[in-house]
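> Sharing a structure here in structure tokens format.
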Amino acid sequence: MKKIRVGVIGVGQMGRNHARVYSELPYAELVGVSDVKRSVAQSVARKFNTTAFTDHLKLLDEDIDAVSIAVPTSLHKDVAVDVAEYGVDMLIEKPIADTTLNAREILKVTKKAGVRVMVGHIERFNPAVLKLKEIISSGTLGDILSMSGKRVGPYSPRIRDVGVIVDLAVHEIDTMSYLYNDKVVSVYAVGGRSGKCPHNFEDYASILLKFSGDRSGIVETNWLTSKKVRTLTVVGTDGVATLDYVDKTVEVCKNGKIKYVDINKSEPLKNEIEHFLKSISNGENPKPSGEDGIYVLLVAVSAIKSYKDELVVKIKKKI
């Protein structure tokens, strides 16, 4: 596989992990990293033996093939448009954008430029999720009736431009849709702002997702719980499976017996970036696609509308 020249735009907590993974892959050449904070860019560049930039356009001038975009969500659209103008393929950290309007603009300009877009819904590359997908597909659990996800924990001060639904609940929306191989039909949510987090967005929510065939997905999320919890329970007619995203474990309860499933505990981010690079190297479109990203964001903003207006929101079939 030919070496792919890559860069990372935005090297805060998530972006520096992208830089780390790129620096470890033999078929990737980390050309540079960009961050508006010079000290941050320089620190990450020194650590991974690359070049620091404070202007992402200067990084794009370096004849690169692909970039990861890990800037704050509200800046995704502007940066993605710049990247598209340079004809560079991109991996955009989730969510794809802060609004569906901006997300559609990203899709419009990238299609026009002929560049590939992948959205970093990382849990699709969690080995526990991949194993659970296999278990569901094998029919071990029978017909799947419901899924229940809990994604709670303390507030991170770095998140200031979106609320907990767009930041955290999108993981469950995407994962449940992926496991069901279906899209949400309607959403109802209860949520709000406790006043304990220094922003004007919701910091807690309970969300009910309705899929076709009267199948459901329940999402509990907040930034108020002292202990970080990331779990998913899948209920079928013949069994129940419980997944822990953090520990990368899956247990199956069937006929009154619990079985712990063997899982190869590879790093989800590395799996994600490998898929991204191999896809563009082979001339293929990586998944989750830009369209996938818009769908997940649409469900998330519909959940926000639901709790604010106290109503059930139907999801448009055409994204």
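Following the order of the structure tokens, chains are lettered A, B, ..., residues in each are numbered from 1, and ligands are numbered from 1.
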DSSP on the backbone, then: every residue of segment 96-317 of chain A marked alpha helix (DSSP H), written as an MDAnalysis selection string.

chainID A and resid 100:113 127:138 164 170:180 268:281 290:309

> Need the shell around Asp182 of chain A: protein/DNA/RNA residues with any atom at most 12 Å away, counting only C-alpha atoms. Skip same-chain ones fewer than 3 positions apart. Format as a ChimeraX atom specification?

/A:144,173-179,185,209-217,292,295-296,317

> Excluding segment 146-159 of chain A and any residue of its chain fewer than 3 positions from it, enumerate the residues within 6 Å of it, using only C-alpha atoms, and give them as a list in words.

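The residues that qualify are Arg215, Ser216, Gly217, Ile218, Val219, Glu220, Thr221, Asn222, Trp223, Leu224, Thr225, Ser226, Lys227, Lys228, Val229, Arg230, Thr231, Leu232, Thr233, Val234 and Val235 of chain A.
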
> Against segment 15-22 of chain A, which residues of segment 67-96 of chain A fall within 9 Å? For each one I want the closest pair of atoms and the distance in Å (one decimal), counting only C-alpha atoms, rows by chain and increasing residue number, as JSON lines.


{"residue": "A:Ser68", "atom": "CA", "partner": "A:His18", "partner_atom": "CA", "distance": 7.2}
{"residue": "A:Ile69", "atom": "CA", "partner": "A:Gly15", "partner_atom": "CA", "distance": 7.6}
{"residue": "A:Ala70", "atom": "CA", "partner": "A:Gly15", "partner_atom": "CA", "distance": 5.2}
{"residue": "A:Val71", "atom": "CA", "partner": "A:Gly15", "partner_atom": "CA", "distance": 7.7}
{"residue": "A:Glu93", "atom": "CA", "partner": "A:Gly15", "partner_atom": "CA", "distance": 8.8}

> Quick one: distance from atom CA of Ala66 of chain A to atom CA of Val166 of chain A in Å, one decimal?

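Atom CA of Val166 of chain A lies 25.4 Å from atom CA of Ala66 of chain A.
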
> Kindly indicate which residue among A:Lys133, A:His121, A:Arg5, A:Lys196 lies nearest to Val31 of chain A, using only C-alpha atoms for the distances.

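Looking only at the distances to Val31 of chain A, the closest residue turns out to be A:Arg5.
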
> Excluding same-chain residues fewer than 3 positions from Ala303 of chain A, what lies within 8 Å of it counting only C-alpha atoms, as a ChimeraX atom specification?

/A:165,187-189,207,299-300,306-307,313

> I'd like the contact shell of Leu130 of chain A - 12 Å cut-off, only C-alpha atoms, skipping same-chain residues fewer than 5 positions apart - returned as a list in words.

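So, after excluding close chain neighbours, the residues are Ile122, Glu123, Arg124, Phe125, Ile135, Ile136, Ser137, Thr175, Tyr178, Leu179, Leu243, Tyr245, Lys248, Thr249, Val250, Val261, Asp262, Ile263, Asn264, Lys265, Ser266, Pro268 and Asn271 of chain A.
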
> Excluding Lys287 of chain A and residues on its chain fewer than 6 positions from it, collect all residues at most 8 Å away from it, counting only C-alpha atoms, and give them as JSON, numbers by chain.

{"A": [118, 119, 276]}

> Write out as a ChimeraX atom specification which residues come within 8 Å of segment 75-79 of chain A when counting only C-alpha atoms, dropping same-chain ones fewer than 6 positions away.

/A:69,92,96-98,102-103,105-106

> Can you tell me, as a ChimeraX atom specification, which residues in segment 49-246 of chain A count as strand (DSSP E or B) by DSSP?

/A:51-53,66-69,89-93,117-120,144-154,186-192,204-210,216-222,224-236,240-244

> Given only C-alpha atoms as the basis, pick out the residue of A:Ile9, A:Pro26, A:Thr100, A:Pro72 nearest to Leu57 of chain A.

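Smallest separation from Leu57 of chain A among the options: A:Ile9.
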
> Which residue, A:Val162, A:Leu132, A:Leu60, A:Ile315, has the smallest gap to Ala241 of chain A when you use only C-alpha atoms?

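Ranking A:Val162, A:Leu132, A:Leu60, A:Ile315 by distance to Ala241 of chain A, first place goes to A:Leu132.
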
> How many Å separate atom CA of Asn282 of chain A from atom CA of Val115 of chain A?

13.6 Å

> For each of A:Leu277, A:Leu107, A:Ile294, A:Ile304, take the minimum atom-to-atom distance to Leu25 of chain A, counting only C-alpha atoms, then give the residue where this is smallest.

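Comparing A:Leu277, A:Leu107, A:Ile294, A:Ile304 against Leu25 of chain A, the winner is A:Leu277.
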
> I need the residue nearest Val117 of chain A from this list: A:Val190, A:Ile280, A:Cys253, A:Leu59. Use only C-alpha atoms for the distance.

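Ranked by minimum distance to Val117 of chain A, first place goes to A:Ile280.
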
> Identify which of the residues A:Leu101, A:Ala113, A:Thr237, A:Thr73 lies closest to Gly163 of chain A, counting only C-alpha atoms when measuring atom-to-atom distances.

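Among the listed residues, A:Thr73 lies closest to Gly163 of chain A.
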